[in-house]
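Below: model-v8.cif (mmCIF, C-alpha atoms)
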```cif
data_final
#
loop_
_atom_site.label_atom_id
_atom_site.label_comp_id
_atom_site.auth_asym_id
_atom_site.auth_seq_id
_atom_site.Cartn_x
_atom_site.Cartn_y
_atom_site.Cartn_z
CA MET Q 1 98.54 94.39 109.37
CA SER Q 2 99.44 96.83 112.08
CA ARG Q 3 101.31 100.01 111.25
CA THR Q 4 102.44 103.01 113.21
CA GLU Q 5 102.25 105.08 110.05
CA GLY Q 6 100.41 104.65 106.83
CA PRO Q 7 98.25 106.34 104.26
CA THR Q 8 95.60 108.77 105.39
CA PRO Q 9 92.63 109.83 103.22
CA GLN Q 10 93.55 113.48 103.80
CA HIS Q 11 97.04 113.08 102.33
CA VAL Q 12 95.81 110.97 99.42
CA VAL Q 13 93.07 113.47 98.57
CA ALA Q 14 95.45 116.45 98.86
CA PHE Q 15 97.89 114.82 96.46
CA TYR Q 16 95.40 113.72 93.81
CA ASP Q 17 93.22 116.83 94.00
CA ASN Q 18 96.11 118.60 92.26
CA THR Q 19 95.07 117.05 88.95
CA GLU Q 20 97.04 119.57 86.92
CA ALA Q 21 100.32 118.45 88.49
CA VAL Q 22 99.51 114.76 88.17
CA ASP Q 23 98.66 115.28 84.48
CA ILE Q 24 102.09 116.76 83.81
CA PHE Q 25 104.14 113.78 84.96
CA LEU Q 26 101.68 110.87 84.70
CA GLY Q 27 98.95 111.86 82.23
CA ASP Q 28 95.40 110.72 82.84
CA GLU Q 29 96.25 107.02 83.02
CA ILE Q 30 98.02 107.72 86.37
CA HIS Q 31 99.88 104.43 86.68
CA MET Q 32 102.99 102.54 85.61
CA GLY Q 33 103.65 101.45 82.03
CA HIS Q 34 104.34 98.04 80.51
CA TRP Q 35 107.19 97.50 78.00
CA SER Q 36 108.41 94.39 76.24
CA PRO Q 37 112.20 93.87 75.90
CA GLY Q 38 113.74 96.38 73.49
CA ASP Q 39 110.58 98.49 73.36
CA ALA Q 40 111.02 102.27 73.45
CA SER Q 41 107.36 103.30 73.44
CA PRO Q 42 106.41 106.56 75.17
CA LEU Q 43 105.01 106.32 78.68
CA ARG Q 44 101.40 106.88 77.60
CA ARG Q 45 101.45 103.95 75.18
CA ALA Q 46 103.04 101.70 77.81
CA GLN Q 47 100.42 102.77 80.36
CA GLU Q 48 97.67 101.87 77.90
CA ARG Q 49 99.19 98.40 77.51
CA LEU Q 50 99.04 97.90 81.27
CA THR Q 51 95.40 99.03 81.27
CA ASP Q 52 94.73 96.49 78.52
CA LEU Q 53 96.35 93.68 80.52
CA VAL Q 54 93.98 94.47 83.38
CA THR Q 55 90.97 94.82 81.08
CA GLU Q 56 91.62 91.44 79.43
CA ARG Q 57 91.27 89.70 82.79
CA THR Q 58 87.91 91.26 83.68
CA GLY Q 59 85.80 89.57 81.02
CA ALA Q 60 84.32 93.01 80.30
CA GLY Q 61 82.02 93.34 77.32
CA PRO Q 62 78.62 94.65 76.24
CA GLY Q 63 76.05 94.18 78.97
CA ARG Q 64 78.71 93.87 81.68
CA HIS Q 65 79.11 96.41 84.48
CA VAL Q 66 82.61 97.08 85.82
CA LEU Q 67 83.60 98.91 89.02
CA ASP Q 68 86.81 100.97 88.85
CA VAL Q 69 88.12 101.40 92.41
CA GLY Q 70 90.30 104.50 92.50
CA CYS Q 71 89.42 105.66 88.99
CA GLY Q 72 91.46 108.87 89.01
CA THR Q 73 90.54 111.23 86.20
CA GLY Q 74 89.16 108.34 84.18
CA GLY Q 75 91.85 107.46 81.64
CA PRO Q 76 91.75 103.66 82.16
CA ALA Q 77 87.95 103.72 82.51
CA ARG Q 78 87.45 105.46 79.19
CA ARG Q 79 89.84 103.07 77.47
CA LEU Q 80 88.12 100.02 78.97
CA VAL Q 81 84.64 101.19 77.95
CA ARG Q 82 85.79 102.20 74.47
CA ARG Q 83 87.50 98.85 73.84
CA THR Q 84 84.92 96.52 75.38
CA GLY Q 85 81.52 98.21 75.21
CA ALA Q 86 81.00 97.55 78.92
CA THR Q 87 79.34 99.93 81.36
CA LEU Q 88 81.65 101.29 84.07
CA THR Q 89 81.23 103.04 87.39
CA GLY Q 90 84.34 104.69 88.80
CA ILE Q 91 84.90 105.77 92.39
CA THR Q 92 87.52 108.06 93.93
CA ILE Q 93 87.90 109.90 97.22
CA SER Q 94 89.27 112.97 95.42
CA PRO Q 95 86.50 115.49 94.62
CA GLU Q 96 88.68 117.23 92.05
CA GLN Q 97 89.54 113.98 90.30
CA ALA Q 98 85.84 113.16 90.09
CA ARG Q 99 85.05 116.59 88.66
CA VAL Q 100 87.78 116.37 86.04
CA ALA Q 101 86.81 112.81 85.13
CA ARG Q 102 83.21 113.85 84.51
CA VAL Q 103 84.32 116.73 82.30
CA ARG Q 104 86.66 114.52 80.27
CA ASN Q 105 84.06 111.76 79.98
CA ALA Q 106 81.58 114.27 78.57
CA GLU Q 107 84.16 115.76 76.21
CA ALA Q 108 84.96 112.25 74.94
CA GLY Q 109 81.30 111.60 74.23
CA PHE Q 110 80.55 109.10 76.96
CA GLY Q 111 76.97 109.14 78.21
CA GLY Q 112 75.38 106.93 80.84
CA GLY Q 113 77.81 104.09 80.16
CA LEU Q 114 80.51 105.72 82.28
CA CYS Q 115 79.87 107.53 85.56
CA VAL Q 116 82.07 108.65 88.45
CA GLY Q 117 81.23 109.02 92.12
CA ILE Q 118 83.04 110.27 95.23
CA THR Q 119 83.12 107.52 97.82
CA ASP Q 120 85.49 105.54 100.01
CA ALA Q 121 86.27 102.01 98.84
CA VAL Q 122 85.43 100.60 102.27
CA ALA Q 123 81.89 102.00 102.32
CA THR Q 124 80.27 102.25 98.88
CA PRO Q 125 76.59 102.99 98.23
CA PHE Q 126 76.11 99.98 95.94
CA ALA Q 127 73.83 97.00 96.51
CA ASP Q 128 75.18 93.47 96.89
CA GLY Q 129 76.28 91.63 93.76
CA VAL Q 130 75.69 94.37 91.18
CA PHE Q 131 79.06 94.35 89.35
CA ASP Q 132 80.35 91.83 86.83
CA ALA Q 133 83.99 92.75 87.53
CA ALA Q 134 86.12 95.25 89.43
CA ILE Q 135 89.51 96.77 88.75
CA ALA Q 136 91.90 98.53 91.13
CA ILE Q 137 94.96 100.01 89.41
CA GLU Q 138 97.50 101.38 91.91
CA SER Q 139 94.82 102.28 94.44
CA ILE Q 140 95.18 99.50 97.02
CA LEU Q 141 98.57 100.85 98.18
CA HIS Q 142 96.87 104.13 99.20
CA MET Q 143 94.22 102.46 101.38
CA PRO Q 144 94.69 102.33 105.16
CA ASP Q 145 92.08 99.55 105.53
CA LYS Q 146 92.98 97.15 102.76
CA GLN Q 147 91.01 94.26 104.19
CA GLY Q 148 87.94 96.45 104.49
CA ALA Q 149 88.32 97.50 100.85
CA PHE Q 150 88.65 93.91 99.64
CA GLY Q 151 85.61 92.94 101.67
CA GLU Q 152 83.52 95.78 100.26
CA ILE Q 153 84.57 95.02 96.70
CA ALA Q 154 83.72 91.35 97.21
CA ARG Q 155 80.30 92.32 98.55
CA VAL Q 156 79.33 94.26 95.43
CA LEU Q 157 80.63 91.64 92.97
CA ARG Q 158 78.22 89.06 91.62
CA PRO Q 159 79.14 85.37 92.17
CA GLY Q 160 81.83 84.31 89.70
CA ALA Q 161 83.06 87.88 89.08
CA ALA Q 162 86.73 88.90 89.26
CA LEU Q 163 88.61 91.68 90.99
CA VAL Q 164 91.72 92.56 88.96
CA VAL Q 165 94.40 94.49 90.83
CA ALA Q 166 97.53 96.04 89.31
CA ASP Q 167 99.83 97.31 92.02
CA PHE Q 168 103.16 97.18 93.80
CA ALA Q 169 104.08 94.27 96.05
CA GLN Q 170 106.87 93.92 98.58
CA ARG Q 171 108.92 90.78 98.06
CA THR Q 172 110.08 90.66 101.68
CA ALA Q 173 108.67 91.48 105.10
CA GLU Q 174 106.16 94.28 105.45
CA GLY Q 175 107.84 97.61 106.10
CA ALA Q 176 110.88 96.87 103.93
CA VAL Q 177 109.70 99.57 101.54
CA SER Q 178 108.60 102.64 103.43
CA GLY Q 179 109.39 106.31 103.66
CA ALA Q 180 110.95 108.17 106.54
CA PRO Q 181 108.52 108.97 109.40
CA GLY Q 182 106.56 112.08 108.56
CA SER Q 183 107.45 111.93 104.84
CA LEU Q 184 104.93 112.00 102.02
CA ALA Q 185 105.67 108.35 101.32
CA ALA Q 186 104.91 107.34 104.91
CA SER Q 187 101.54 109.12 104.87
CA PHE Q 188 100.66 108.27 101.28
CA VAL Q 189 101.40 104.60 100.62
CA ALA Q 190 101.53 101.24 102.39
CA VAL Q 191 102.63 98.53 99.98
CA PRO Q 192 101.33 95.00 100.68
CA THR Q 193 103.63 92.00 100.52
CA TRP Q 194 103.24 89.37 97.81
CA ASP Q 195 101.55 86.99 100.29
CA ALA Q 196 99.30 89.72 101.66
CA TYR Q 197 97.27 89.81 98.47
CA THR Q 198 96.31 86.18 99.02
CA ARG Q 199 95.37 86.86 102.63
CA LEU Q 200 93.36 89.95 101.67
CA ALA Q 201 91.49 88.00 98.99
CA GLU Q 202 90.78 85.00 101.19
CA GLY Q 203 89.73 87.25 104.06
CA ALA Q 204 87.10 88.74 101.73
CA GLY Q 205 85.83 85.36 100.56
CA LEU Q 206 87.65 85.50 97.22
CA TYR Q 207 90.17 83.05 95.82
CA ILE Q 208 93.35 83.87 93.91
CA GLU Q 209 93.17 82.84 90.27
CA GLU Q 210 96.40 84.46 89.10
CA ILE Q 211 99.32 86.51 90.35
CA LEU Q 212 101.36 87.74 87.39
CA ASP Q 213 104.78 89.23 88.08
CA ILE Q 214 105.35 92.08 85.60
CA THR Q 215 108.12 93.82 87.54
CA ASP Q 216 110.66 93.77 84.71
CA ALA Q 217 108.11 95.02 82.19
CA THR Q 218 107.22 98.03 84.36
CA ARG Q 219 110.72 98.97 85.51
CA GLN Q 220 111.23 101.54 82.72
CA SER Q 221 108.36 103.57 84.20
CA TYR Q 222 110.56 105.14 86.85
CA GLU Q 223 112.90 106.73 84.34
CA ARG Q 224 110.02 107.96 82.17
CA ILE Q 225 108.04 109.43 85.07
CA LEU Q 226 111.12 111.08 86.56
CA GLU Q 227 111.65 112.79 83.20
CA GLY Q 228 108.21 114.35 83.62
CA LEU Q 229 109.24 115.83 86.95
CA THR Q 230 111.88 117.96 85.22
CA ARG Q 231 109.29 120.01 83.34
CA PRO Q 232 109.36 123.66 84.53
CA GLU Q 233 105.57 123.90 84.47
CA LEU Q 234 105.32 121.27 87.21
CA VAL Q 235 106.91 123.51 89.84
CA ALA Q 236 104.45 126.25 88.89
CA VAL Q 237 101.46 124.08 89.79
CA CYS Q 238 102.75 122.08 92.76
CA GLY Q 239 105.77 123.94 94.12
CA PRO Q 240 109.35 122.71 94.60
CA GLU Q 241 108.61 121.03 97.95
CA GLN Q 242 105.90 118.75 96.59
CA ARG Q 243 107.90 118.04 93.45
CA THR Q 244 110.85 116.97 95.61
CA ALA Q 245 108.57 114.77 97.71
CA ILE Q 246 107.17 113.07 94.59
CA GLU Q 247 110.69 112.47 93.30
CA GLY Q 248 111.59 110.98 96.68
CA ILE Q 249 108.79 108.40 96.44
CA LEU Q 250 109.74 107.46 92.89
CA ARG Q 251 113.41 107.03 93.75
CA LEU Q 252 112.49 105.06 96.89
CA PHE Q 253 110.43 102.66 94.78
CA ALA Q 254 113.01 102.50 91.98
CA ASP Q 255 115.84 101.70 94.41
CA ALA Q 256 113.72 99.09 96.19
CA THR Q 257 112.91 97.49 92.84
CA ASP Q 258 116.59 97.42 91.83
CA ALA Q 259 117.44 95.88 95.22
CA GLY Q 260 114.87 93.12 94.72
CA LEU Q 261 112.66 94.33 97.58
CA LEU Q 262 109.76 95.58 95.47
CA GLY Q 263 107.84 94.15 92.55
CA TYR Q 264 104.75 94.86 90.50
CA VAL Q 265 101.94 92.39 90.03
CA ILE Q 266 98.58 91.84 88.40
CA VAL Q 267 96.37 89.91 90.80
CA VAL Q 268 93.13 88.23 89.74
CA ALA Q 269 90.90 87.36 92.70
CA ARG Q 270 87.54 85.74 91.94
CA LYS Q 271 84.33 85.43 93.90
CA PRO Q 272 83.15 81.82 94.07
CA ALA Q 273 80.34 81.09 91.61
CA GLY Q 274 78.04 79.57 94.17
#
```
Rewrite the structure of this file - the entire thing - as structure tokens.
Amino acid sequence: MSRTEGPTPQHVVAFYDNTEAVDIFLGDEIHMGHWSPGDASPLRRAQERLTDLVTERTGAGPGRHVLDVGCGTGGPARRLVRRTGATLTGITISPEQARVARVRNAEAGFGGGLCVGITDAVATPFADGVFDAAIAIESILHMPDKQGAFGEIARVLRPGAALVVADFAQRTAEGAVSGAPGSLAASFVAVPTWDAYTRLAEGAGLYIEEILDITDATRQSYERILEGLTRPELVAVCGPEQRTAIEGILRLFADATDAGLLGYVIVVARKPAG
């Protein structure tokens, strides 16, 4: 997938290192929410439901070791470990996210069952076949080398293990959803197409077990997150320019969703058992 512009690690790290700002409008789950028709739950509860949908597809449980690719400040990781009893290792390229995640893990009473490291998803320090599952919640869209990331995740999964991705997907040709050249969106995200997930999985030696379209259930997220951007304390920690840039990305994605160009999926890709 060739691109003249796309996400760079420097821009992604700079954005997520400002954990105080991200907390204000996204909380520590740092992803979209999931609502059923007529539901008016707050964003945090809806985000937890999306985390649970991902968790259910991992097969996580006591004695199982899960890799969280792009773990943020650890909200989904802590929920997964608390609900399943699994062991989890999270990775992020943001040093500040890793620091905050470790502090919050300790404050929540997690010991060796939940650890966080700073590493790039395309070059992890793990041995082959050591994880029983992997999750990637809204992290693939930030990766410039998506095929490399899928390949590395596949390498560290044991045979029969699943990678569960929750992320945005373009319904049309690549590039239909992109920011203006030089914008935060253009240097921060590159959204795969629906079909690209299959190609990425197959290119890594995985096979697609499920692609679940949850676009309608996540659509309310835009309104809820945009409400968070109106809080006066946000400008104090990120400045009006960054706040405006964040709003621009959200409105770009919301408009693309309303126009039928953008969706949201849960993808389950499994490593062959033998």
Residues near Q:Gly74, anyone? I mean within 7 Å using all atoms listed in the file, not counting same-chain ones fewer than 4 positions away, as a count of residues only. 3
Just so the selection is clear, what residues does the PyMOL selection byres ((chain Q and resi 227-236) around 10) cover here, as an NGL selection string? :Q and (20-27 or 43 or 221-226 or 237-244 or 246-247)
Apply the PyMOL selection byres ((chain Q and resi 219) around 12) to the structure shown and report the selected residues as a PDB file with C-alpha atoms, in the coordinates of the input.
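Below you can see expr-v6.pdb, which holds the result:
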```pdb
ATOM      1  CA  MET Q  32     102.990 102.540  85.610  1.00  0.00           C
ATOM      2  CA  GLY Q  33     103.650 101.450  82.030  1.00  0.00           C
ATOM      3  CA  HIS Q  34     104.340  98.040  80.510  1.00  0.00           C
ATOM      4  CA  TRP Q  35     107.190  97.500  78.000  1.00  0.00           C
ATOM      5  CA  SER Q  36     108.410  94.390  76.240  1.00  0.00           C
ATOM      6  CA  PRO Q  37     112.200  93.870  75.900  1.00  0.00           C
ATOM      7  CA  LEU Q  43     105.010 106.320  78.680  1.00  0.00           C
ATOM      8  CA  ALA Q  46     103.040 101.700  77.810  1.00  0.00           C
ATOM      9  CA  PHE Q 168     103.160  97.180  93.800  1.00  0.00           C
ATOM     10  CA  ASP Q 213     104.780  89.230  88.080  1.00  0.00           C
ATOM     11  CA  ILE Q 214     105.350  92.080  85.600  1.00  0.00           C
ATOM     12  CA  THR Q 215     108.120  93.820  87.540  1.00  0.00           C
ATOM     13  CA  ASP Q 216     110.660  93.770  84.710  1.00  0.00           C
ATOM     14  CA  ALA Q 217     108.110  95.020  82.190  1.00  0.00           C
ATOM     15  CA  THR Q 218     107.220  98.030  84.360  1.00  0.00           C
ATOM     16  CA  GLN Q 220     111.230 101.540  82.720  1.00  0.00           C
ATOM     17  CA  SER Q 221     108.360 103.570  84.200  1.00  0.00           C
ATOM     18  CA  TYR Q 222     110.560 105.140  86.850  1.00  0.00           C
ATOM     19  CA  GLU Q 223     112.900 106.730  84.340  1.00  0.00           C
ATOM     20  CA  ARG Q 224     110.020 107.960  82.170  1.00  0.00           C
ATOM     21  CA  ILE Q 225     108.040 109.430  85.070  1.00  0.00           C
ATOM     22  CA  LEU Q 250     109.740 107.460  92.890  1.00  0.00           C
ATOM     23  CA  ARG Q 251     113.410 107.030  93.750  1.00  0.00           C
ATOM     24  CA  PHE Q 253     110.430 102.660  94.780  1.00  0.00           C
ATOM     25  CA  ALA Q 254     113.010 102.500  91.980  1.00  0.00           C
ATOM     26  CA  ASP Q 255     115.840 101.700  94.410  1.00  0.00           C
ATOM     27  CA  ALA Q 256     113.720  99.090  96.190  1.00  0.00           C
ATOM     28  CA  THR Q 257     112.910  97.490  92.840  1.00  0.00           C
ATOM     29  CA  ASP Q 258     116.590  97.420  91.830  1.00  0.00           C
ATOM     30  CA  GLY Q 260     114.870  93.120  94.720  1.00  0.00           C
ATOM     31  CA  LEU Q 262     109.760  95.580  95.470  1.00  0.00           C
ATOM     32  CA  GLY Q 263     107.840  94.150  92.550  1.00  0.00           C
ATOM     33  CA  TYR Q 264     104.750  94.860  90.500  1.00  0.00           C
ATOM     34  CA  VAL Q 265     101.940  92.390  90.030  1.00  0.00           C
TER      35      VAL Q 265
END
```
Residues returned when the PyMOL selection byres ((chain Q and resi 145) around 12) runs on this file, as number ranges by chain: Q: 1-3, 6-9, 120-123, 139-144, 146-152, 189-192, 200
Report, in Å with one decimal, the straight-line distance from atom CA of Q:Ala259 to atom CA of Q:Phe188. 21.7 Å
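Take the candidates Q:Leu252, Q:Val12, Q:Val268, Q:Leu261 and check each one against Q:Ala134 using all atoms listed in the file; the shortest distance goes to Q:Val268.
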What's around Q:Ile93 at 7 Å? Count only C-alpha atoms, leave out sequence neighbours fewer than 3 positions away in its own chain, and write the answer as a PyMOL selection string. chain Q and resi 13+118-120
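For the set Q:Pro159, Q:Val81, Q:Tyr16, Q:Asp167, the residue with the smallest atom-to-atom gap to Q:Pro95 is Q:Tyr16, counting only C-alpha atoms.
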Quick one, how far is atom CA of Q:Ser94 from atom CA of Q:Ile208? 29.4 Å
Fewer than 5 positions away in the same chain doesn't count, so skip those; otherwise give me all residues within 7 Å of Q:Ala162, counting all atoms listed in the file, as a PyMOL selection string. chain Q and resi 58+133-134+268-271
Please provide as a PyMOL selection string all residues within 10 Å of Q:Ala77, with the sequence filter that same-chain residues fewer than 5 positions apart are discarded (counting only C-alpha atoms). chain Q and resi 29+51+55+66-68+71-72+82-83+86-90+101+105+114-116+135
Shortest interatomic distance to Q:Gly59 - which of Q:Leu163, Q:Ala273, Q:Ile249, Q:Ala196, counting only C-alpha atoms: Q:Leu163
Take atom CA of Q:Ala60 and atom CA of Q:Gln170 and report the distance between them in Å, one decimal. 29.0 Å
Extract, using only C-alpha atoms, all DNA, RNA and protein residues at most 8 Å from Q:Arg158, discarding same-chain residues fewer than 5 positions from it, and format them as a PyMOL selection string. chain Q and resi 128-133+271
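Nearest residue to Q:Arg45 among Q:Thr92, Q:His31, Q:Gly111, Q:Thr172 is Q:His31, counting all atoms listed in the file.
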Using all atoms listed in the file, the residue out of Q:Ile266, Q:Ala106, Q:Gln97, Q:Gly113 with shortest distance to Q:Asp52 is Q:Ile266
